[in-house]
$ cat run.pdb   # PDB, C-alpha atoms
ATOM      1  CA  MET P   1      22.219  15.720  15.367
ATOM      2  CA  SER P   2      18.763  17.111  16.141
ATOM      3  CA  ARG P   3      16.012  14.839  17.365
ATOM      4  CA  VAL P   4      13.836  14.125  14.341
ATOM      5  CA  SER P   5      10.043  14.007  14.422
ATOM      6  CA  VAL P   6       8.684  10.464  14.532
ATOM      7  CA  GLU P   7       5.522  11.418  12.649
ATOM      8  CA  PRO P   8       5.376  10.366   8.985
ATOM      9  CA  VAL P   9       3.819  12.565   6.311
ATOM     10  CA  HIS P  10       2.232   9.503   4.680
ATOM     11  CA  THR P  11       1.230   6.383   6.594
ATOM     12  CA  GLY P  12       1.151   3.863   3.756
ATOM     13  CA  ASN P  13       3.930   1.393   2.996
ATOM     14  CA  PHE P  14       6.389   3.611   1.130
ATOM     15  CA  ALA P  15       9.960   2.318   1.321
ATOM     16  CA  ASP P  16      12.956   3.789  -0.529
ATOM     17  CA  PRO P  17      11.260   7.144  -1.194
ATOM     18  CA  PHE P  18      12.366   9.567  -3.889
ATOM     19  CA  VAL P  19      10.810  13.006  -4.427
ATOM     20  CA  LEU P  20      10.994  15.011  -7.659
ATOM     21  CA  ARG P  21       9.914  18.652  -7.901
ATOM     22  CA  VAL P  22       8.250  19.605 -11.170
ATOM     23  CA  GLY P  23       7.265  23.247 -11.199
ATOM     24  CA  GLU P  24       5.316  23.891  -8.008
ATOM     25  CA  ARG P  25       4.359  20.243  -7.382
ATOM     26  CA  TYR P  26       6.227  17.369  -5.808
ATOM     27  CA  TYR P  27       6.031  13.733  -6.867
ATOM     28  CA  ALA P  28       7.089  10.886  -4.580
ATOM     29  CA  TYR P  29       7.923   7.375  -5.788
ATOM     30  CA  GLY P  30       8.373   4.395  -3.472
ATOM     31  CA  THR P  31       9.035   0.676  -3.525
ATOM     32  CA  GLY P  32       5.734  -0.161  -1.833
ATOM     33  CA  LEU P  33       4.843  -3.468  -0.269
ATOM     34  CA  ASP P  34       7.729  -5.864  -0.922
ATOM     35  CA  GLY P  35       8.241  -4.357  -4.376
ATOM     36  CA  GLN P  36       5.157  -6.032  -5.819
ATOM     37  CA  GLN P  37       2.604  -4.606  -8.230
ATOM     38  CA  GLU P  38       0.296  -1.926  -6.854
ATOM     39  CA  PRO P  39      -3.496  -1.951  -7.331
ATOM     40  CA  GLY P  40      -4.293  -1.420 -10.997
ATOM     41  CA  GLY P  41      -1.496  -3.672 -12.184
ATOM     42  CA  ARG P  42       1.333  -1.123 -12.081
ATOM     43  CA  VAL P  43       4.470  -0.965  -9.946
ATOM     44  CA  PHE P  44       5.807   1.837  -7.694
ATOM     45  CA  GLU P  45       3.107   3.926  -6.069
ATOM     46  CA  VAL P  46       3.375   7.607  -6.968
ATOM     47  CA  LEU P  47       2.127  10.393  -4.699
ATOM     48  CA  SER P  48       1.806  14.126  -5.338
ATOM     49  CA  SER P  49       1.861  17.140  -3.031
ATOM     50  CA  ASP P  50       1.824  20.923  -3.139
ATOM     51  CA  ASP P  51       3.628  21.364   0.181
ATOM     52  CA  LEU P  52       5.641  18.172   0.998
ATOM     53  CA  HIS P  53       3.259  17.444   3.892
ATOM     54  CA  THR P  54      -0.100  16.431   2.414
ATOM     55  CA  TRP P  55       0.166  13.677  -0.155
ATOM     56  CA  HIS P  56      -2.327  12.136  -2.598
ATOM     57  CA  SER P  57      -1.915   8.721  -4.219
ATOM     58  CA  HIS P  58      -2.177   8.216  -7.974
ATOM     59  CA  GLY P  59      -1.664   4.441  -7.982
ATOM     60  CA  GLY P  60       1.207   2.665  -9.688
ATOM     61  CA  ALA P  61       3.660   4.382 -12.048
ATOM     62  CA  LEU P  62       5.422   1.595 -13.967
ATOM     63  CA  ILE P  63       3.960  -0.972 -16.350
ATOM     64  CA  PRO P  64       5.511  -4.268 -15.160
ATOM     65  CA  LEU P  65       7.843  -6.212 -17.422
ATOM     66  CA  SER P  66       5.529  -9.228 -17.479
ATOM     67  CA  ASP P  67       2.862 -11.037 -15.485
ATOM     68  CA  GLU P  68       5.539 -13.127 -13.782
ATOM     69  CA  PRO P  69       6.121 -12.299 -10.087
ATOM     70  CA  ARG P  70       9.124 -10.009  -9.713
ATOM     71  CA  ALA P  71      10.511  -7.727  -7.021
ATOM     72  CA  TYR P  72      10.742  -4.100  -8.178
ATOM     73  CA  TRP P  73      12.874  -1.849  -5.959
ATOM     74  CA  ALA P  74      13.910   1.746  -5.305
ATOM     75  CA  PRO P  75      12.609   3.950  -8.145
ATOM     76  CA  GLU P  76      14.157   7.332  -8.961
ATOM     77  CA  VAL P  77      13.006   9.678 -11.719
ATOM     78  CA  ALA P  78      14.953  12.248 -13.750
ATOM     79  CA  GLU P  79      13.491  14.723 -16.238
ATOM     80  CA  PHE P  80      15.537  15.514 -19.349
ATOM     81  CA  ARG P  81      14.371  17.398 -22.437
ATOM     82  CA  GLY P  82      10.704  16.806 -21.743
ATOM     83  CA  THR P  83      10.955  13.071 -20.979
ATOM     84  CA  PHE P  84      10.802  11.502 -17.533
ATOM     85  CA  TYR P  85      13.184   8.586 -16.956
ATOM     86  CA  LEU P  86      12.426   6.117 -14.161
ATOM     87  CA  TYR P  87      15.426   4.056 -12.991
ATOM     88  CA  TYR P  88      14.826   0.958 -10.886
ATOM     89  CA  SER P  89      16.013  -2.571 -10.167
ATOM     90  CA  VAL P  90      14.126  -5.791 -10.717
ATOM     91  CA  GLY P  91      14.899  -9.327  -9.637
ATOM     92  CA  VAL P  92      13.397 -12.441  -8.083
ATOM     93  CA  GLY P  93      13.027 -11.837  -4.366
ATOM     94  CA  ASP P  94      16.363 -10.459  -3.213
ATOM     95  CA  SER P  95      18.388 -12.198  -5.925
ATOM     96  CA  GLY P  96      19.532 -11.378  -9.432
ATOM     97  CA  HIS P  97      18.643  -7.692  -9.417
ATOM     98  CA  HIS P  98      19.662  -5.577 -12.418
ATOM     99  CA  LEU P  99      19.083  -1.931 -13.236
ATOM    100  CA  ARG P 100      16.589  -0.852 -15.864
ATOM    101  CA  VAL P 101      15.013   2.363 -17.141
ATOM    102  CA  ALA P 102      11.485   3.283 -18.223
ATOM    103  CA  THR P 103      10.128   6.490 -19.759
ATOM    104  CA  SER P 104       6.995   8.622 -19.684
ATOM    105  CA  ARG P 105       5.895  12.032 -20.943
ATOM    106  CA  THR P 106       4.473  12.898 -17.503
ATOM    107  CA  PRO P 107       5.709  12.356 -13.921
ATOM    108  CA  LEU P 108       2.610  10.272 -13.131
ATOM    109  CA  GLY P 109       3.315   7.766 -15.899
ATOM    110  CA  PRO P 110       2.540   5.262 -17.068
ATOM    111  CA  PHE P 111       6.256   4.538 -17.431
ATOM    112  CA  THR P 112       7.184   2.010 -20.120
ATOM    113  CA  ASP P 113      10.369  -0.036 -19.798
ATOM    114  CA  GLN P 114      12.862   0.633 -22.599
ATOM    115  CA  GLY P 115      14.021  -2.963 -22.952
ATOM    116  CA  VAL P 116      17.539  -2.293 -21.656
ATOM    117  CA  ASN P 117      19.435  -4.088 -18.894
ATOM    118  CA  LEU P 118      21.825  -1.352 -17.776
ATOM    119  CA  THR P 119      24.007  -3.716 -15.707
ATOM    120  CA  PRO P 120      24.165  -7.073 -17.531
ATOM    121  CA  ASP P 121      27.615  -7.891 -16.133
ATOM    122  CA  GLU P 122      26.733  -7.309 -12.481
ATOM    123  CA  PRO P 123      25.580 -10.293 -10.397
ATOM    124  CA  PHE P 124      23.527  -7.880  -8.277
ATOM    125  CA  ALA P 125      22.800  -4.172  -8.725
ATOM    126  CA  ILE P 126      20.195  -2.056  -6.944
ATOM    127  CA  ASP P 127      19.265   1.507  -5.941
ATOM    128  CA  PRO P 128      20.031   3.514  -9.094
ATOM    129  CA  HIS P 129      20.440   7.255  -8.564
ATOM    130  CA  PRO P 130      20.729   9.572 -11.614
ATOM    131  CA  PHE P 131      22.641  12.812 -10.992
ATOM    132  CA  GLN P 132      23.260  15.673 -13.436
ATOM    133  CA  ASP P 133      26.363  17.788 -12.874
ATOM    134  CA  GLU P 134      26.557  21.516 -13.568
ATOM    135  CA  ASP P 135      28.211  20.866 -16.939
ATOM    136  CA  GLY P 136      25.198  18.796 -18.052
ATOM    137  CA  GLN P 137      26.866  15.376 -17.708
ATOM    138  CA  TRP P 138      24.650  12.694 -16.164
ATOM    139  CA  TYR P 139      25.937   9.975 -13.821
ATOM    140  CA  LEU P 140      24.267   6.891 -12.393
ATOM    141  CA  TYR P 141      25.179   5.835  -8.847
ATOM    142  CA  TYR P 142      24.132   2.412  -7.620
ATOM    143  CA  ALA P 143      24.877  -0.385  -5.156
ATOM    144  CA  ARG P 144      26.639  -3.572  -6.240
ATOM    145  CA  ASP P 145      28.073  -6.678  -4.567
ATOM    146  CA  ASP P 146      31.861  -6.862  -4.132
ATOM    147  CA  LEU P 147      33.484 -10.010  -2.781
ATOM    148  CA  ALA P 148      36.971  -8.441  -2.966
ATOM    149  CA  ALA P 149      36.270  -5.566  -0.560
ATOM    150  CA  ASP P 150      38.048  -5.500   2.808
ATOM    151  CA  ARG P 151      34.609  -5.779   4.383
ATOM    152  CA  VAL P 152      32.778  -8.030   1.931
ATOM    153  CA  GLY P 153      29.319  -6.968   0.896
ATOM    154  CA  THR P 154      27.321  -4.406  -1.032
ATOM    155  CA  VAL P 155      29.268  -1.280  -2.000
ATOM    156  CA  LEU P 156      28.598   1.929  -3.932
ATOM    157  CA  ALA P 157      29.724   2.624  -7.497
ATOM    158  CA  VAL P 158      29.087   5.165 -10.248
ATOM    159  CA  ARG P 159      29.168   5.223 -14.051
ATOM    160  CA  ARG P 160      28.656   7.971 -16.590
ATOM    161  CA  LEU P 161      25.427   7.957 -18.552
ATOM    162  CA  GLU P 162      26.429   8.200 -22.213
ATOM    163  CA  ALA P 163      22.714   8.643 -22.908
ATOM    164  CA  MET P 164      19.773   8.445 -20.527
ATOM    165  CA  THR P 165      19.332   4.773 -21.425
ATOM    166  CA  ARG P 166      22.992   3.770 -21.826
ATOM    167  CA  LEU P 167      25.941   3.611 -19.417
ATOM    168  CA  ASP P 168      29.495   4.446 -20.428
ATOM    169  CA  GLY P 169      32.690   2.778 -19.207
ATOM    170  CA  PRO P 170      33.409   0.542 -16.206
ATOM    171  CA  ALA P 171      32.017   1.024 -12.720
ATOM    172  CA  VAL P 172      34.030   3.487 -10.635
ATOM    173  CA  PRO P 173      34.215   2.645  -6.900
ATOM    174  CA  VAL P 174      32.608   5.250  -4.631
ATOM    175  CA  LEU P 175      32.481   3.840  -1.074
ATOM    176  CA  ALA P 176      32.822   0.487   0.640
ATOM    177  CA  ALA P 177      32.069  -0.420   4.236
ATOM    178  CA  SER P 178      34.478   1.097   6.745
ATOM    179  CA  GLY P 179      32.858   0.359  10.114
ATOM    180  CA  ASP P 180      30.983  -2.214  12.138
ATOM    181  CA  TRP P 181      27.764  -0.153  12.007
ATOM    182  CA  GLN P 182      27.507  -1.115   8.333
ATOM    183  CA  LEU P 183      27.273  -4.830   9.138
ATOM    184  CA  TYR P 184      24.190  -6.378   7.543
ATOM    185  CA  GLN P 185      24.506  -9.945   8.824
ATOM    186  CA  ARG P 186      27.223 -12.154  10.266
ATOM    187  CA  GLN P 187      27.814 -15.527   8.636
ATOM    188  CA  ARG P 188      25.544 -14.766   5.705
ATOM    189  CA  PRO P 189      25.524 -17.429   2.953
ATOM    190  CA  MET P 190      26.228 -15.652  -0.354
ATOM    191  CA  TYR P 191      27.553 -16.865  -3.711
ATOM    192  CA  GLY P 192      28.258 -20.356  -2.369
ATOM    193  CA  ARG P 193      30.328 -19.066   0.561
ATOM    194  CA  VAL P 194      29.725 -17.535   3.992
ATOM    195  CA  PHE P 195      30.632 -13.937   4.854
ATOM    196  CA  ASP P 196      30.212 -11.319   7.528
ATOM    197  CA  TRP P 197      28.211  -9.232   5.068
ATOM    198  CA  HIS P 198      28.307  -5.429   5.120
ATOM    199  CA  THR P 199      25.930  -3.188   3.192
ATOM    200  CA  LEU P 200      26.061   0.312   1.727
ATOM    201  CA  GLU P 201      23.107   1.302  -0.441
ATOM    202  CA  GLY P 202      20.714   4.109  -1.360
ATOM    203  CA  ALA P 203      23.265   6.613  -2.698
ATOM    204  CA  PHE P 204      22.070  10.181  -3.303
ATOM    205  CA  VAL P 205      24.265  13.095  -4.447
ATOM    206  CA  VAL P 206      23.822  16.875  -4.322
ATOM    207  CA  ARG P 207      26.218  19.746  -4.968
ATOM    208  CA  ARG P 208      26.318  22.318  -2.164
ATOM    209  CA  GLN P 209      28.884  24.878  -1.001
ATOM    210  CA  GLY P 210      31.281  24.025  -3.815
ATOM    211  CA  GLN P 211      31.454  20.290  -3.065
ATOM    212  CA  TYR P 212      29.614  17.108  -3.953
ATOM    213  CA  HIS P 213      27.806  15.511  -1.017
ATOM    214  CA  LEU P 214      26.897  11.835  -0.968
ATOM    215  CA  PHE P 215      24.216  10.480   1.335
ATOM    216  CA  TYR P 216      24.080   6.711   1.738
ATOM    217  CA  SER P 217      22.426   4.122   3.951
ATOM    218  CA  GLY P 218      24.267   1.378   5.788
ATOM    219  CA  GLY P 219      23.562  -1.569   8.051
ATOM    220  CA  ALA P 220      20.501  -3.819   7.924
ATOM    221  CA  TRP P 221      17.301  -2.241   6.605
ATOM    222  CA  THR P 222      15.341  -4.672   8.754
ATOM    223  CA  ASN P 223      16.351  -3.244  12.141
ATOM    224  CA  GLU P 224      17.789  -0.398  14.246
ATOM    225  CA  THR P 225      21.292  -0.654  12.780
ATOM    226  CA  TYR P 226      20.119   1.110   9.628
ATOM    227  CA  GLY P 227      21.138   4.749   9.256
ATOM    228  CA  VAL P 228      22.424   7.418   6.868
ATOM    229  CA  GLY P 229      26.076   8.408   6.467
ATOM    230  CA  HIS P 230      27.719  11.237   4.524
ATOM    231  CA  ALA P 231      30.751  11.643   2.253
ATOM    232  CA  VAL P 232      32.200  14.503   0.168
ATOM    233  CA  ALA P 233      34.199  14.838  -3.051
ATOM    234  CA  ASP P 234      35.424  17.474  -5.487
ATOM    235  CA  HIS P 235      34.118  15.566  -8.534
ATOM    236  CA  PRO P 236      31.169  13.220  -9.119
ATOM    237  CA  LEU P 237      33.608  10.357  -9.773
ATOM    238  CA  GLY P 238      35.442  11.031  -6.518
ATOM    239  CA  PRO P 239      37.583  10.249  -4.678
ATOM    240  CA  TRP P 240      35.055  10.319  -1.850
ATOM    241  CA  ARG P 241      35.909  10.733   1.836
ATOM    242  CA  GLU P 242      33.839  10.695   5.007
ATOM    243  CA  PRO P 243      34.505  13.744   7.229
ATOM    244  CA  GLN P 244      32.870  11.831  10.094
ATOM    245  CA  GLY P 245      32.291   8.116  10.319
ATOM    246  CA  GLY P 246      29.006   6.530  11.273
ATOM    247  CA  PRO P 247      25.337   7.313  10.535
ATOM    248  CA  VAL P 248      25.846  11.029  11.158
ATOM    249  CA  VAL P 249      22.765  12.183   9.216
ATOM    250  CA  LEU P 250      20.120   9.761  10.520
ATOM    251  CA  ARG P 251      20.083   6.948  13.047
ATOM    252  CA  SER P 252      17.684   5.084  15.315
ATOM    253  CA  GLY P 253      17.260   6.386  18.832
ATOM    254  CA  PRO P 254      15.381   5.638  22.068
ATOM    255  CA  GLY P 255      11.814   6.824  21.656
ATOM    256  CA  GLY P 256      12.600   8.015  18.149
ATOM    257  CA  LEU P 257      12.825   6.695  14.631
ATOM    258  CA  ARG P 258      13.472   3.006  13.979
ATOM    259  CA  GLY P 259      15.651   2.084  11.026
ATOM    260  CA  PRO P 260      15.546   5.437   9.191
ATOM    261  CA  GLY P 261      17.223   5.545   5.815
ATOM    262  CA  HIS P 262      17.270   5.287   2.048
ATOM    263  CA  ASN P 263      16.964   9.031   1.679
ATOM    264  CA  SER P 264      16.669  11.503  -1.151
ATOM    265  CA  VAL P 265      16.958  15.301  -1.051
ATOM    266  CA  VAL P 266      14.544  17.741  -2.669
ATOM    267  CA  GLN P 267      14.807  21.537  -2.791
ATOM    268  CA  ASP P 268      11.747  23.769  -2.711
ATOM    269  CA  ALA P 269      11.220  26.924  -4.770
ATOM    270  CA  HIS P 270      12.823  29.005  -2.008
ATOM    271  CA  GLY P 271      16.057  26.998  -1.972
ATOM    272  CA  GLN P 272      15.302  25.070   1.235
ATOM    273  CA  ASP P 273      16.531  21.482   1.204
ATOM    274  CA  TYR P 274      14.419  18.663   2.630
ATOM    275  CA  LEU P 275      15.550  15.173   3.580
ATOM    276  CA  VAL P 276      13.127  12.491   2.367
ATOM    277  CA  PHE P 277      13.468   9.027   3.931
ATOM    278  CA  HIS P 278      11.615   6.031   5.278
ATOM    279  CA  ALA P 279      11.401   4.637   8.807
ATOM    280  CA  TRP P 280       9.546   1.726  10.380
ATOM    281  CA  ASN P 281       6.161   2.318  11.984
ATOM    282  CA  PRO P 282       5.883   1.446  15.723
ATOM    283  CA  GLN P 283       4.448  -1.988  14.900
ATOM    284  CA  GLY P 284       7.365  -2.802  12.596
ATOM    285  CA  THR P 285       4.963  -3.757   9.796
ATOM    286  CA  GLN P 286       5.755  -1.110   7.183
ATOM    287  CA  ARG P 287       8.230   1.621   6.288
ATOM    288  CA  GLU P 288       6.626   5.041   6.049
ATOM    289  CA  LEU P 289       7.435   8.337   4.323
ATOM    290  CA  HIS P 290       9.146  11.116   6.294
ATOM    291  CA  VAL P 291      10.150  14.620   5.149
ATOM    292  CA  GLU P 292      12.317  16.874   7.333
ATOM    293  CA  PRO P 293      14.079  20.227   6.710
ATOM    294  CA  LEU P 294      17.805  19.908   6.066
ATOM    295  CA  VAL P 295      20.426  22.513   6.943
ATOM    296  CA  TRP P 296      24.125  22.807   6.111
ATOM    297  CA  THR P 297      26.605  23.745   8.812
ATOM    298  CA  ALA P 298      29.487  26.153   8.272
ATOM    299  CA  ALA P 299      31.704  23.078   7.991
ATOM    300  CA  GLY P 300      29.585  21.839   5.094
ATOM    301  CA  THR P 301      27.935  18.905   6.873
ATOM    302  CA  PRO P 302      24.182  18.189   6.511
ATOM    303  CA  ARG P 303      21.971  18.163   9.569
ATOM    304  CA  VAL P 304      18.248  17.585  10.032
ATOM    305  CA  ALA P 305      16.773  20.874  11.241
ATOM    306  CA  THR P 306      13.597  19.714  13.002
ATOM    307  CA  VAL P 307      13.609  19.110  16.716
ATOM    308  CA  GLY P 308      10.622  17.320  18.216
TER
END

$ encode --input "run.pdb" --output "structure tokens"
Amino acid sequence: MSRVSVEPVHTGNFADPFVLRVGERYYAYGTGLDGQQEPGGRVFEVLSSDDLHTWHSHGGALIPLSDEPRAYWAPEVAEFRGTFYLYYSVGVGDSGHHLRVATSRTPLGPFTDQGVNLTPDEPFAIDPHPFQDEDGQWYLYYARDDLAADRVGTVLAVRRLEAMTRLDGPAVPVLAASGDWQLYQRQRPMYGRVFDWHTLEGAFVVRRQGQYHLFYSGGAWTNETYGVGHAVADHPLGPWREPQGGPVVLRSGPGGLRGPGHNSVVQDAHGQDYLVFHAWNPQGTQRELHVEPLVWTAAGTPRVATVG
């Protein structure tokens, strides 16, 4: 793996970044400071750029559900038939998160929640990722808690979107923790019990070289264990396999990035892929926006292209 630049493209607090290209402009959406409302009363700061390097803030994108304090996490936006759909989770602190969807006629919003809890039967669901296959079918990947996994913790799942605001069928397992690097916390009290808790989150899927490629983040977002792994499949519903174990796409390193992860991928007008992710600033006070070129090896594995 190449050594990635430690310089962010935006120095504000911008965790869980997602970038959408609309025509010749790019729009970035992020969790922001602890998932709270941004200045102006809206949630999820939205930035725009012409070149993926210089970004301008437009304030918050989402009209909050109410005036009550809530934690809003990990927005992603999909455009379909002239409407922009913003998927996100909301809960109280780090508990009780469910997935929801809001709509707008423009990528800048304001996005208005559609009054639908997409995951009413999940005790905890975060990090929604909408993906449209070549046949037009939409899928929603997300992270959910699973106490029956071999390594108990937060795992990845997917469901078909019957419509942009409605899920179809049961959750299909995608990936669960397979290694110690995905440990979030030992002896973590959860659901009235104590577990060595493992975490997979931040799923993002692209189709390249005839296969589906899944990027995901594992470990503890709070420290250097956090990184990005990679899996492949022949269908959006899987089965998924990891050609190489570990955080093979992004990881912390001496003198380099600290806790890089929760990535998305955006392609420019020339077909070049870019990896979008956050990493901690040197003071450890905020997670900042990074954008790096992404290349695909002959073996079909993604690698960050920048060395520096």

$ atom_distance --input "run.pdb" --atom1 "atom CA of P:Ser95" --atom2 "atom CA of P:Gly192"
13.3 Å

$ resolve_selection --input "run.pdb" --expression "the PyMOL selection byres ((chain P and resi 113) around 7)" --output "ChimeraX atom specification"
/P:101-103,111-112,114-115

$ closest_residue --input "run.pdb" --among "P:Leu257, P:Leu156, P:Val265, P:Val46" --to "P:His213" --atoms "all atoms listed in the file"
P:Val265

$ closest_residue --input "run.pdb" --among "P:His262, P:Arg70, P:Arg207, P:Arg287" --to "P:His98" --atoms "all atoms listed in the file"
P:Arg70

$ residues_around --input "run.pdb" --residues "stretch 244-252 of chain P" --least-positions-apart "6" --cutoff "7 Å" --atoms "only C-alpha atoms" --output "VMD selection string"
chain P and resid 181 224 226 to 230 258 to 261 302 to 303

$ atom_distance --input "run.pdb" --atom1 "atom CA of P:His129" --atom2 "atom CA of P:Thr222"
21.6 Å

$ resolve_selection --input "run.pdb" --expression "the PyMOL selection byres ((chain P and resi 304) around 6)" --output "PyMOL selection string"
chain P and resi 293-294+303+305-306

$ write_last_selection --input "run.pdb" --atoms "C-alpha atoms" --output "JSON list (two decimals), in the coordinates of the input"
[["chain", "number", "residue", "atom", "x", "y", "z"],
["P", 293, "PRO", "CA", 14.08, 20.23, 6.71],
["P", 294, "LEU", "CA", 17.80, 19.91, 6.07],
["P", 303, "ARG", "CA", 21.97, 18.16, 9.57],
["P", 305, "ALA", "CA", 16.77, 20.87, 11.24],
["P", 306, "THR", "CA", 13.60, 19.71, 13.00]]

$ residues_around --input "run.pdb" --residues "stretch 194-205 of chain P" --least-positions-apart "6" --cutoff "7 Å" --atoms "all atoms listed in the file" --output "MDAnalysis selection string"
chainID P and resid 127 129 131 141:143 151:156 176:177 182:188 212:219 262:264

$ atom_distance --input "run.pdb" --atom1 "atom CA of P:Trp240" --atom2 "atom CA of P:Ala279"
26.6 Å

$ axis_aligned_box --input "run.pdb" --around "stretch 221-230 of chain P" --padding-each-side "4 Å" --output "AutoDock Vina command-line options"
--center_x 21.5 --center_y 3.3 --center_z 9.4 --size_x 20.4 --size_y 23.9 --size_z 17.7

$ closest_residue --input "run.pdb" --among "P:Asp146, P:Glu288, P:Pro282, P:Pro123" --to "P:Asp94" --atoms "only C-alpha atoms"
P:Pro123

$ resolve_selection --input "run.pdb" --expression "the PyMOL selection byres ((chain P and resi 271) around 12)" --output "list of chain:residue names"
P:Arg21, P:Arg208, P:Val265, P:Val266, P:Gln267, P:Asp268, P:Ala269, P:His270, P:Gln272, P:Asp273, P:Tyr274, P:Pro293, P:Leu294, P:Val295

$ write_last_selection --input "run.pdb" --atoms "C-alpha atoms" --output "short mmCIF file (atom, residue, chain, number, x, y, z; two decimals), in the coordinates of the input"
data_model
loop_
_atom_site.label_atom_id
_atom_site.label_comp_id
_atom_site.auth_asym_id
_atom_site.auth_seq_id
_atom_site.Cartn_x
_atom_site.Cartn_y
_atom_site.Cartn_z
CA ARG P 21 9.91 18.65 -7.90
CA ARG P 208 26.32 22.32 -2.16
CA VAL P 265 16.96 15.30 -1.05
CA VAL P 266 14.54 17.74 -2.67
CA GLN P 267 14.81 21.54 -2.79
CA ASP P 268 11.75 23.77 -2.71
CA ALA P 269 11.22 26.92 -4.77
CA HIS P 270 12.82 29.00 -2.01
CA GLN P 272 15.30 25.07 1.24
CA ASP P 273 16.53 21.48 1.20
CA TYR P 274 14.42 18.66 2.63
CA PRO P 293 14.08 20.23 6.71
CA LEU P 294 17.80 19.91 6.07
CA VAL P 295 20.43 22.51 6.94
#

$ closest_residue --input "run.pdb" --among "P:Gly59, P:Val276, P:Tyr139, P:Gly179" --to "P:Leu20" --atoms "only C-alpha atoms"
P:Val276

$ closest_residue --input "run.pdb" --among "P:Leu108, P:Ile63, P:Ala15, P:Val291" --to "P:Gly30" --atoms "only C-alpha atoms"
P:Ala15

$ closest_residue --input "run.pdb" --among "P:Asp150, P:Glu68, P:Glu122, P:Glu7" --to "P:Ser178" --atoms "all atoms listed in the file"
P:Asp150

$ residues_around --input "run.pdb" --residues "stretch 83-87 of chain P" --least-positions-apart "2" --cutoff "6 Å" --atoms "all atoms listed in the file" --output "list in words"
Pro75, Glu76, Val77, Ala78, Glu79, Phe80, Arg81, Arg100, Val101, Ala102, Thr103, Ser104 and Arg105 of chain P

$ residues_around --input "run.pdb" --residues "P:Trp138" --least-positions-apart "3" --cutoff "8 Å" --atoms "only C-alpha atoms" --output "PDB file with C-alpha atoms, keeping the file's coordinate frame"
ATOM      1  CA  PRO P 130      20.729   9.572 -11.614  1.00  0.00           C
ATOM      2  CA  PHE P 131      22.641  12.812 -10.992  1.00  0.00           C
ATOM      3  CA  GLN P 132      23.260  15.673 -13.436  1.00  0.00           C
ATOM      4  CA  ASP P 133      26.363  17.788 -12.874  1.00  0.00           C
ATOM      5  CA  ARG P 160      28.656   7.971 -16.590  1.00  0.00           C
ATOM      6  CA  LEU P 161      25.427   7.957 -18.552  1.00  0.00           C
ATOM      7  CA  GLU P 162      26.429   8.200 -22.213  1.00  0.00           C
ATOM      8  CA  MET P 164      19.773   8.445 -20.527  1.00  0.00           C
TER       9      MET P 164
END

$ residues_around --input "run.pdb" --residues "P:Ser48" --least-positions-apart "6" --cutoff "7 Å" --atoms "only C-alpha atoms" --output "list in words"
Arg25, Tyr26, Tyr27, Ala28, Trp55, His56 and Ser57 of chain P

$ write_last_selection --input "run.pdb" --atoms "C-alpha atoms" --output "PDB file, in the frame of the given file"
ATOM      1  CA  ARG P  25       4.359  20.243  -7.382  1.00  0.00           C
ATOM      2  CA  TYR P  26       6.227  17.369  -5.808  1.00  0.00           C
ATOM      3  CA  TYR P  27       6.031  13.733  -6.867  1.00  0.00           C
ATOM      4  CA  ALA P  28       7.089  10.886  -4.580  1.00  0.00           C
ATOM      5  CA  TRP P  55       0.166  13.677  -0.155  1.00  0.00           C
ATOM      6  CA  HIS P  56      -2.327  12.136  -2.598  1.00  0.00           C
ATOM      7  CA  SER P  57      -1.915   8.721  -4.219  1.00  0.00           C
TER       8      SER P  57
END

$ decode --input "run.pdb" --residues "stretch 193-202 of chain P" --atoms "N, CA and C atoms" --output "compact mmCIF listing (two decimals), in the first residue's frame"
# COMPACT_ATOMS: atom_id res chain seq x y z
N ARG P 193 -25.29 -7.51 28.79
CA ARG P 193 -24.23 -8.51 28.91
C ARG P 193 -22.89 -7.83 28.64
N VAL P 194 -21.82 -8.60 28.65
CA VAL P 194 -20.48 -8.08 28.41
C VAL P 194 -19.83 -8.90 27.31
N PHE P 195 -19.29 -8.21 26.29
CA PHE P 195 -18.71 -8.89 25.13
C PHE P 195 -17.36 -8.29 24.78
N ASP P 196 -16.51 -9.09 24.14
CA ASP P 196 -15.40 -8.55 23.37
C ASP P 196 -16.01 -8.12 22.04
N TRP P 197 -16.25 -6.82 21.90
CA TRP P 197 -17.08 -6.30 20.81
C TRP P 197 -16.23 -5.98 19.58
N HIS P 198 -16.65 -6.51 18.43
CA HIS P 198 -15.99 -6.24 17.17
C HIS P 198 -16.90 -5.36 16.30
N THR P 199 -16.30 -4.58 15.43
CA THR P 199 -17.09 -3.65 14.63
C THR P 199 -16.65 -3.64 13.17
N LEU P 200 -17.65 -3.82 12.29
CA LEU P 200 -17.54 -3.53 10.86
C LEU P 200 -18.61 -2.50 10.54
N GLU P 201 -18.25 -1.47 9.78
CA GLU P 201 -19.19 -0.40 9.49
C GLU P 201 -18.78 0.31 8.21
N GLY P 202 -19.55 1.32 7.81
CA GLY P 202 -19.17 2.16 6.69
C GLY P 202 -19.04 1.44 5.36
